[in-house]
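Student: After the structure tokens below, expect a handful of questions from me.
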Amino acid sequence: MNEEMQYSQYDRIVQLLEWSRYKEAVQEAEKYIQLYPADADGYALLGKIYLEMDDYNKSLYWSEEALKNDPHHSLGWEVRVSTFYTKEDYKAAMEMIKEALVLFPEESFYYFLQGNIYNKAGDFEKAKDSFEHALHFQPDNALYLANYSYVQSLLGNKQLAAETEREALNLNPENELVFMYLAWSADERGDYEKAQQYLESAVRIDPQNAQIREEYLNVLQKQYKLYRFFLWPARTLSNMKPWVAILTWFIAWILFKPLVILFIFLYIGAHWATKIIVNVKVFGRVFGR
């Protein structure tokens, strides 16, 4: 009976978390810890609640308490790694991921986060390898497939990116992040119509997400060929290795300085002109949301 009551209390906290009733979830988790101080589940779950609340210090504290009680606690490790990742401390996140993978070598989630970190650092080959590891253990995960499609687009493997995109869509995802990464993949391949469709789906699923709304407005600007023309040099430079991009920019500045300055002014003009058009179409006014 006591075990049943314990499970029931734990499930209630999980339900409150799913309902985003964080204050109540915290109170129930604190009660759970008082009743079962030797159970690492309560500490880890409280850490997860604080992570959802973006209170990273408390999230790290309670995940550490969970691991003190049970060094192999899977949720404790997940919360700890996710907290460093979410607060964009990628160096610490990578260190934690390496430790976590020693304990959980078949946990696809850690390879997925690792791939995202490599992607953000511009190391697309390592990102690809990490996503492939994640997909090896969880091949039917639409979010992993969407990220893999995006990195393949970044690497210039357009056909493989498109094939992976179709695999993700065949899973009938209803996740705004899946559609956002598929939009980035399509955008990188120059398929702006598809990118727009995917971002429309993302906005439909999560209309309050500021990043997705901003990405949607950006892709609407890219429907104008004039704006895309001025984006081409920046896209080309971004696909180069950093030292090559810097050297190319330096040489262009030395040899064609007047033309570079003129191009910059024309780009700024095209950017703001298309931005104003998009804002008027979407919001009915020039600026603001």
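By convention in this document, the chains of the structure tokens carry letters A, B, ... by their order, each chain's residues are numbered from 1, and ligands are numbered from 1 in the order they are shown.
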Report as an mmCIF file with all heavy atoms, in the first residue's frame all protein, DNA and RNA residues lying within 12 Å of Asp89 (chain A), evaluated on only C-alpha atoms, omitting residues in the same chain fewer than 6 positions from it.
Tutor:
```cif
data_model
loop_
_atom_site.group_PDB
_atom_site.id
_atom_site.type_symbol
_atom_site.label_atom_id
_atom_site.label_comp_id
_atom_site.auth_asym_id
_atom_site.auth_seq_id
_atom_site.Cartn_x
_atom_site.Cartn_y
_atom_site.Cartn_z
ATOM 1 N N TYR A 56 17.890 27.736 -13.554
ATOM 2 C CA TYR A 56 18.974 26.784 -13.809
ATOM 3 C C TYR A 56 19.788 26.457 -12.562
ATOM 4 O O TYR A 56 20.258 25.323 -12.409
ATOM 5 C CB TYR A 56 19.886 27.336 -14.909
ATOM 6 C CG TYR A 56 19.144 27.634 -16.187
ATOM 7 C CD1 TYR A 56 19.280 28.862 -16.829
ATOM 8 C CD2 TYR A 56 18.278 26.699 -16.749
ATOM 9 C CE1 TYR A 56 18.592 29.140 -18.000
ATOM 10 C CE2 TYR A 56 17.581 26.964 -17.916
ATOM 11 C CZ TYR A 56 17.740 28.188 -18.537
ATOM 12 O OH TYR A 56 17.055 28.467 -19.673
ATOM 13 N N ARG A 80 20.614 17.278 -15.557
ATOM 14 C CA ARG A 80 21.879 17.997 -15.419
ATOM 15 C C ARG A 80 22.441 18.391 -16.789
ATOM 16 O O ARG A 80 22.836 19.537 -17.018
ATOM 17 C CB ARG A 80 22.893 17.141 -14.658
ATOM 18 C CG ARG A 80 24.115 17.915 -14.171
ATOM 19 C CD ARG A 80 24.731 17.254 -12.972
ATOM 20 N NE ARG A 80 25.803 18.080 -12.417
ATOM 21 C CZ ARG A 80 25.608 19.109 -11.632
ATOM 22 N NH1 ARG A 80 24.380 19.464 -11.295
ATOM 23 N NH2 ARG A 80 26.628 19.817 -11.171
ATOM 24 N N VAL A 81 22.470 17.443 -17.727
ATOM 25 C CA VAL A 81 22.971 17.729 -19.070
ATOM 26 C C VAL A 81 22.077 18.758 -19.760
ATOM 27 O O VAL A 81 22.564 19.716 -20.370
ATOM 28 C CB VAL A 81 23.037 16.434 -19.906
ATOM 29 C CG1 VAL A 81 23.333 16.755 -21.363
ATOM 30 C CG2 VAL A 81 24.097 15.491 -19.356
ATOM 31 N N SER A 82 20.760 18.572 -19.658
ATOM 32 C CA SER A 82 19.812 19.469 -20.321
ATOM 33 C C SER A 82 19.913 20.887 -19.782
ATOM 34 O O SER A 82 19.743 21.862 -20.534
ATOM 35 C CB SER A 82 18.378 18.963 -20.141
ATOM 36 O OG SER A 82 18.209 17.700 -20.735
ATOM 37 N N THR A 83 20.207 21.021 -18.492
ATOM 38 C CA THR A 83 20.321 22.355 -17.907
ATOM 39 C C THR A 83 21.515 23.103 -18.486
ATOM 40 O O THR A 83 21.390 24.267 -18.894
ATOM 41 C CB THR A 83 20.447 22.268 -16.373
ATOM 42 O OG1 THR A 83 19.306 21.590 -15.841
ATOM 43 C CG2 THR A 83 20.531 23.661 -15.759
ATOM 44 N N GLU A 95 31.050 18.124 -21.574
ATOM 45 C CA GLU A 95 31.738 17.336 -20.551
ATOM 46 C C GLU A 95 30.760 16.382 -19.859
ATOM 47 O O GLU A 95 31.071 15.209 -19.634
ATOM 48 C CB GLU A 95 32.384 18.267 -19.523
ATOM 49 C CG GLU A 95 33.568 19.061 -20.081
ATOM 50 C CD GLU A 95 34.100 20.082 -19.086
ATOM 51 O OE1 GLU A 95 33.532 20.184 -17.982
ATOM 52 O OE2 GLU A 95 35.082 20.784 -19.431
ATOM 53 N N MET A 96 29.563 16.908 -19.546
ATOM 54 C CA MET A 96 28.540 16.078 -18.904
ATOM 55 C C MET A 96 28.049 14.977 -19.841
ATOM 56 O O MET A 96 27.782 13.850 -19.416
ATOM 57 C CB MET A 96 27.356 16.950 -18.472
ATOM 58 C CG MET A 96 27.628 17.897 -17.315
ATOM 59 S SD MET A 96 27.873 17.015 -15.745
ATOM 60 C CE MET A 96 29.664 17.134 -15.607
ATOM 61 N N ILE A 117 25.187 20.689 -30.530
ATOM 62 C CA ILE A 117 26.305 21.535 -30.098
ATOM 63 C C ILE A 117 27.342 21.648 -31.215
ATOM 64 O O ILE A 117 27.847 22.738 -31.506
ATOM 65 C CB ILE A 117 26.931 20.985 -28.799
ATOM 66 C CG1 ILE A 117 25.922 21.096 -27.649
ATOM 67 C CG2 ILE A 117 28.211 21.756 -28.457
ATOM 68 C CD1 ILE A 117 26.354 20.387 -26.378
#
```
Student: I'd like the contact shell of Asn119 (chain A) - 10 Å cut-off, only C-alpha atoms, skipping same-chain residues fewer than 3 positions apart - returned as JSON, numbers by chain.
Tutor: {"A": [113, 114, 115, 116, 122, 123, 124, 125, 126, 127, 128, 130, 147, 150, 151, 154]}
Student: Using the chain letters and numbers from this document, which residues of region 96-221 of chain A does DSSP assign to alpha helix (DSSP H), as a ChimeraX atom specification?
Tutor: /A:96-103,108-120,124-137,142-154,158-170,176-188,192-205,210-221
Student: For region 8-19 of chain A, list every protein, DNA or RNA residue within 8 Å, evaluated using only C-alpha atoms, and leave out those in the same chain fewer than 4 positions away; present the list as a list in words.
Tutor: Glu4, Glu24, Ala25, Glu28, Ala29, Tyr32, Gly42, Leu45 and Ile49 of chain A
Student: Could you save those same residues with all heavy atoms as a PDB file, in the first residue's frame?
Tutor:
```
ATOM      1  N   GLU A   4       2.246   1.869  -3.397  1.00  0.00           N
ATOM      2  CA  GLU A   4       1.206   2.383  -4.279  1.00  0.00           C
ATOM      3  C   GLU A   4       0.985   3.874  -4.030  1.00  0.00           C
ATOM      4  O   GLU A   4       0.821   4.660  -4.967  1.00  0.00           O
ATOM      5  CB  GLU A   4      -0.102   1.625  -4.063  1.00  0.00           C
ATOM      6  CG  GLU A   4      -0.076   0.208  -4.606  1.00  0.00           C
ATOM      7  CD  GLU A   4      -1.411  -0.503  -4.410  1.00  0.00           C
ATOM      8  OE1 GLU A   4      -2.391   0.186  -4.043  1.00  0.00           O
ATOM      9  OE2 GLU A   4      -1.460  -1.712  -4.615  1.00  0.00           O
ATOM     10  N   GLU A  24       2.548  24.324  -8.024  1.00  0.00           N
ATOM     11  CA  GLU A  24       1.992  23.165  -7.333  1.00  0.00           C
ATOM     12  C   GLU A  24       2.928  21.962  -7.438  1.00  0.00           C
ATOM     13  O   GLU A  24       3.075  21.202  -6.472  1.00  0.00           O
ATOM     14  CB  GLU A  24       0.630  22.802  -7.939  1.00  0.00           C
ATOM     15  CG  GLU A  24      -0.453  23.834  -7.703  1.00  0.00           C
ATOM     16  CD  GLU A  24      -1.726  23.473  -8.449  1.00  0.00           C
ATOM     17  OE1 GLU A  24      -2.367  22.469  -8.075  1.00  0.00           O
ATOM     18  OE2 GLU A  24      -2.072  24.186  -9.422  1.00  0.00           O
ATOM     19  N   ALA A  25       3.542  21.814  -8.607  1.00  0.00           N
ATOM     20  CA  ALA A  25       4.466  20.698  -8.805  1.00  0.00           C
ATOM     21  C   ALA A  25       5.651  20.791  -7.854  1.00  0.00           C
ATOM     22  O   ALA A  25       6.087  19.775  -7.285  1.00  0.00           O
ATOM     23  CB  ALA A  25       4.951  20.669 -10.250  1.00  0.00           C
ATOM     24  N   GLU A  28       4.477  19.799  -4.320  1.00  0.00           N
ATOM     25  CA  GLU A  28       4.275  18.355  -4.200  1.00  0.00           C
ATOM     26  C   GLU A  28       5.613  17.603  -4.204  1.00  0.00           C
ATOM     27  O   GLU A  28       5.778  16.614  -3.485  1.00  0.00           O
ATOM     28  CB  GLU A  28       3.386  17.850  -5.338  1.00  0.00           C
ATOM     29  CG  GLU A  28       1.943  18.322  -5.257  1.00  0.00           C
ATOM     30  CD  GLU A  28       1.237  17.791  -4.021  1.00  0.00           C
ATOM     31  OE1 GLU A  28       1.503  16.633  -3.628  1.00  0.00           O
ATOM     32  OE2 GLU A  28       0.427  18.525  -3.440  1.00  0.00           O
ATOM     33  N   ALA A  29       6.558  18.083  -5.014  1.00  0.00           N
ATOM     34  CA  ALA A  29       7.877  17.437  -5.065  1.00  0.00           C
ATOM     35  C   ALA A  29       8.618  17.611  -3.745  1.00  0.00           C
ATOM     36  O   ALA A  29       9.303  16.690  -3.272  1.00  0.00           O
ATOM     37  CB  ALA A  29       8.696  18.014  -6.220  1.00  0.00           C
ATOM     38  N   TYR A  32       7.199  15.204  -1.366  1.00  0.00           N
ATOM     39  CA  TYR A  32       7.667  13.859  -1.726  1.00  0.00           C
ATOM     40  C   TYR A  32       9.068  13.620  -1.166  1.00  0.00           C
ATOM     41  O   TYR A  32       9.350  12.551  -0.601  1.00  0.00           O
ATOM     42  CB  TYR A  32       7.661  13.715  -3.250  1.00  0.00           C
ATOM     43  CG  TYR A  32       8.027  12.340  -3.750  1.00  0.00           C
ATOM     44  CD1 TYR A  32       7.025  11.396  -4.029  1.00  0.00           C
ATOM     45  CD2 TYR A  32       9.354  11.959  -3.941  1.00  0.00           C
ATOM     46  CE1 TYR A  32       7.353  10.124  -4.494  1.00  0.00           C
ATOM     47  CE2 TYR A  32       9.683  10.690  -4.395  1.00  0.00           C
ATOM     48  CZ  TYR A  32       8.684   9.779  -4.659  1.00  0.00           C
ATOM     49  OH  TYR A  32       9.007   8.519  -5.113  1.00  0.00           O
ATOM     50  N   GLY A  42      12.639  11.832  -6.478  1.00  0.00           N
ATOM     51  CA  GLY A  42      12.059  13.119  -6.070  1.00  0.00           C
ATOM     52  C   GLY A  42      12.989  14.281  -6.361  1.00  0.00           C
ATOM     53  O   GLY A  42      12.555  15.333  -6.880  1.00  0.00           O
ATOM     54  N   LEU A  45      13.186  14.836 -10.188  1.00  0.00           N
ATOM     55  CA  LEU A  45      11.958  15.416 -10.726  1.00  0.00           C
ATOM     56  C   LEU A  45      11.836  16.886 -10.345  1.00  0.00           C
ATOM     57  O   LEU A  45      11.407  17.714 -11.157  1.00  0.00           O
ATOM     58  CB  LEU A  45      10.752  14.631 -10.223  1.00  0.00           C
ATOM     59  CG  LEU A  45       9.405  14.970 -10.865  1.00  0.00           C
ATOM     60  CD1 LEU A  45       9.477  14.870 -12.378  1.00  0.00           C
ATOM     61  CD2 LEU A  45       8.315  14.050 -10.320  1.00  0.00           C
ATOM     62  N   ILE A  49      11.502  20.114 -12.868  1.00  0.00           N
ATOM     63  CA  ILE A  49      10.501  21.186 -12.751  1.00  0.00           C
ATOM     64  C   ILE A  49      11.182  22.546 -12.836  1.00  0.00           C
ATOM     65  O   ILE A  49      10.746  23.440 -13.575  1.00  0.00           O
ATOM     66  CB  ILE A  49       9.715  21.064 -11.435  1.00  0.00           C
ATOM     67  CG1 ILE A  49       8.927  19.755 -11.407  1.00  0.00           C
ATOM     68  CG2 ILE A  49       8.776  22.257 -11.260  1.00  0.00           C
ATOM     69  CD1 ILE A  49       8.405  19.383 -10.031  1.00  0.00           C
TER      70      ILE A  49
END
```
Student: For Pro173 (chain A), list every protein, DNA or RNA residue within 10 Å, evaluated using only C-alpha atoms, and leave out those in the same chain fewer than 6 positions away; present the list as an NGL selection string.
Tutor: :A and (141-143 or 179)
Student: Between CA of Ala134 (chain A) and CA of Phe109 (chain A), what distance in Å does the model show, to one decimal?
Tutor: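 About the pair CA of Ala134 (chain A) and CA of Phe109 (chain A): they are 6.8 Å apart.
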Student: Write out as an NGL selection string the residues lying within 12 Å of Ala40 (chain A), counting only C-alpha atoms and excluding same-chain residues fewer than 3 positions away.
Tutor: :A and (10 or 29 or 32-34 or 36-37 or 43-47 or 62-77)
Student: Could the residues in this selection be written to a file with N, CA, C and O atoms, as a compact mmCIF listing (two decimals), in the first residue's frame?
Tutor:
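Generated output (out14.txt):
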```txt
# COMPACT_ATOMS: atom_id res chain seq x y z
N TYR A 10 4.11 10.40 -6.90
CA TYR A 10 5.07 10.72 -7.96
C TYR A 10 4.34 11.03 -9.27
O TYR A 10 4.65 12.00 -9.96
N ALA A 29 6.56 18.08 -5.01
CA ALA A 29 7.88 17.44 -5.07
C ALA A 29 8.62 17.61 -3.75
O ALA A 29 9.30 16.69 -3.27
N TYR A 32 7.20 15.20 -1.37
CA TYR A 32 7.67 13.86 -1.73
C TYR A 32 9.07 13.62 -1.17
O TYR A 32 9.35 12.55 -0.60
N ILE A 33 9.94 14.62 -1.30
CA ILE A 33 11.32 14.48 -0.80
C ILE A 33 11.34 14.34 0.72
O ILE A 33 12.12 13.56 1.28
N GLN A 34 10.46 15.07 1.40
CA GLN A 34 10.38 14.97 2.86
C GLN A 34 9.93 13.57 3.29
O GLN A 34 10.43 13.02 4.28
N TYR A 36 10.17 10.77 1.35
CA TYR A 36 11.05 9.71 0.85
C TYR A 36 12.44 10.30 0.56
O TYR A 36 12.87 10.41 -0.60
N PRO A 37 13.17 10.69 1.59
CA PRO A 37 14.45 11.38 1.40
C PRO A 37 15.54 10.51 0.76
O PRO A 37 16.52 11.05 0.24
N TYR A 43 14.27 14.12 -6.06
CA TYR A 43 15.24 15.19 -6.31
C TYR A 43 15.36 15.48 -7.81
O TYR A 43 15.39 16.63 -8.24
N ALA A 44 15.44 14.40 -8.59
CA ALA A 44 15.60 14.57 -10.04
C ALA A 44 14.37 15.24 -10.65
O ALA A 44 14.49 16.13 -11.51
N LEU A 45 13.19 14.84 -10.19
CA LEU A 45 11.96 15.42 -10.73
C LEU A 45 11.84 16.89 -10.34
O LEU A 45 11.41 17.71 -11.16
N LEU A 46 12.24 17.23 -9.13
CA LEU A 46 12.22 18.63 -8.73
C LEU A 46 13.19 19.44 -9.58
O LEU A 46 12.90 20.57 -9.99
N GLY A 47 14.35 18.84 -9.89
CA GLY A 47 15.29 19.50 -10.79
C GLY A 47 14.69 19.73 -12.17
O GLY A 47 14.89 20.78 -12.78
N TRP A 62 19.32 20.44 -7.60
CA TRP A 62 18.52 19.26 -7.29
C TRP A 62 18.92 18.05 -8.12
O TRP A 62 18.82 16.91 -7.66
N SER A 63 19.41 18.29 -9.33
CA SER A 63 19.92 17.15 -10.10
C SER A 63 21.18 16.59 -9.45
O SER A 63 21.41 15.37 -9.44
N GLU A 64 21.99 17.47 -8.86
CA GLU A 64 23.19 17.01 -8.15
C GLU A 64 22.79 16.21 -6.90
O GLU A 64 23.42 15.19 -6.58
N GLU A 65 21.74 16.66 -6.21
CA GLU A 65 21.25 15.92 -5.05
C GLU A 65 20.77 14.53 -5.45
O GLU A 65 20.99 13.55 -4.73
N ALA A 66 20.12 14.45 -6.62
CA ALA A 66 19.66 13.15 -7.11
C ALA A 66 20.84 12.21 -7.35
O ALA A 66 20.80 11.03 -6.98
N LEU A 67 21.91 12.75 -7.94
CA LEU A 67 23.07 11.92 -8.26
C LEU A 67 23.88 11.57 -7.02
O LEU A 67 24.59 10.56 -7.01
N LYS A 68 23.77 12.38 -5.98
CA LYS A 68 24.41 12.01 -4.70
C LYS A 68 23.74 10.77 -4.13
O LYS A 68 24.40 9.90 -3.55
N ASN A 69 22.42 10.71 -4.27
CA ASN A 69 21.67 9.55 -3.77
C ASN A 69 21.84 8.34 -4.67
O ASN A 69 21.83 7.20 -4.20
N ASP A 70 21.96 8.60 -5.97
CA ASP A 70 22.10 7.50 -6.94
C ASP A 70 22.92 8.00 -8.13
O ASP A 70 22.39 8.65 -9.03
N PRO A 71 24.23 7.72 -8.14
CA PRO A 71 25.11 8.23 -9.20
C PRO A 71 24.74 7.76 -10.60
O PRO A 71 25.19 8.34 -11.59
N HIS A 72 23.89 6.73 -10.71
CA HIS A 72 23.49 6.21 -12.01
C HIS A 72 22.04 6.59 -12.35
O HIS A 72 21.45 5.99 -13.24
N HIS A 73 21.50 7.58 -11.67
CA HIS A 73 20.09 7.92 -11.88
C HIS A 73 19.91 8.58 -13.25
O HIS A 73 20.46 9.65 -13.51
N SER A 74 19.14 7.96 -14.12
CA SER A 74 19.03 8.43 -15.51
C SER A 74 18.40 9.81 -15.62
O SER A 74 18.89 10.66 -16.38
N LEU A 75 17.32 10.07 -14.87
CA LEU A 75 16.68 11.38 -14.95
C LEU A 75 17.58 12.46 -14.36
O LEU A 75 17.63 13.59 -14.87
N GLY A 76 18.32 12.13 -13.31
CA GLY A 76 19.25 13.09 -12.73
C GLY A 76 20.28 13.54 -13.75
O GLY A 76 20.58 14.73 -13.90
N TRP A 77 20.85 12.58 -14.50
CA TRP A 77 21.82 12.91 -15.55
C TRP A 77 21.16 13.71 -16.68
O TRP A 77 21.73 14.68 -17.19
```
Student: As an exercise, work out the distance from CA of Leu101 (chain A) to CA of Pro139 (chain A) in Å and give it to one decimal place.
Tutor: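 Result for CA of Leu101 (chain A) versus CA of Pro139 (chain A): 18.4 Å, one decimal.
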Student: Compare A:Lys120, A:Glu163, A:Met180, A:Leu60 by their minimum atom-to-atom distance to Glu88 (chain A), counting only C-alpha atoms, and give me the closest one.
Tutor: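 So, comparing all the options, the nearest one is A:Lys120.
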Student: So which one's closest to Tyr198 (chain A), A:Gln211, A:Asn157, A:Asn175, A:Thr86? Using only C-alpha atoms, please.
Tutor: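 The closest residue to Tyr198 (chain A) is A:Asn175.
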Student: State, in Å with one decimal place, the distance from CA of Asp191 (chain A) to CA of Phe112 (chain A).
Tutor: 25.3 Å
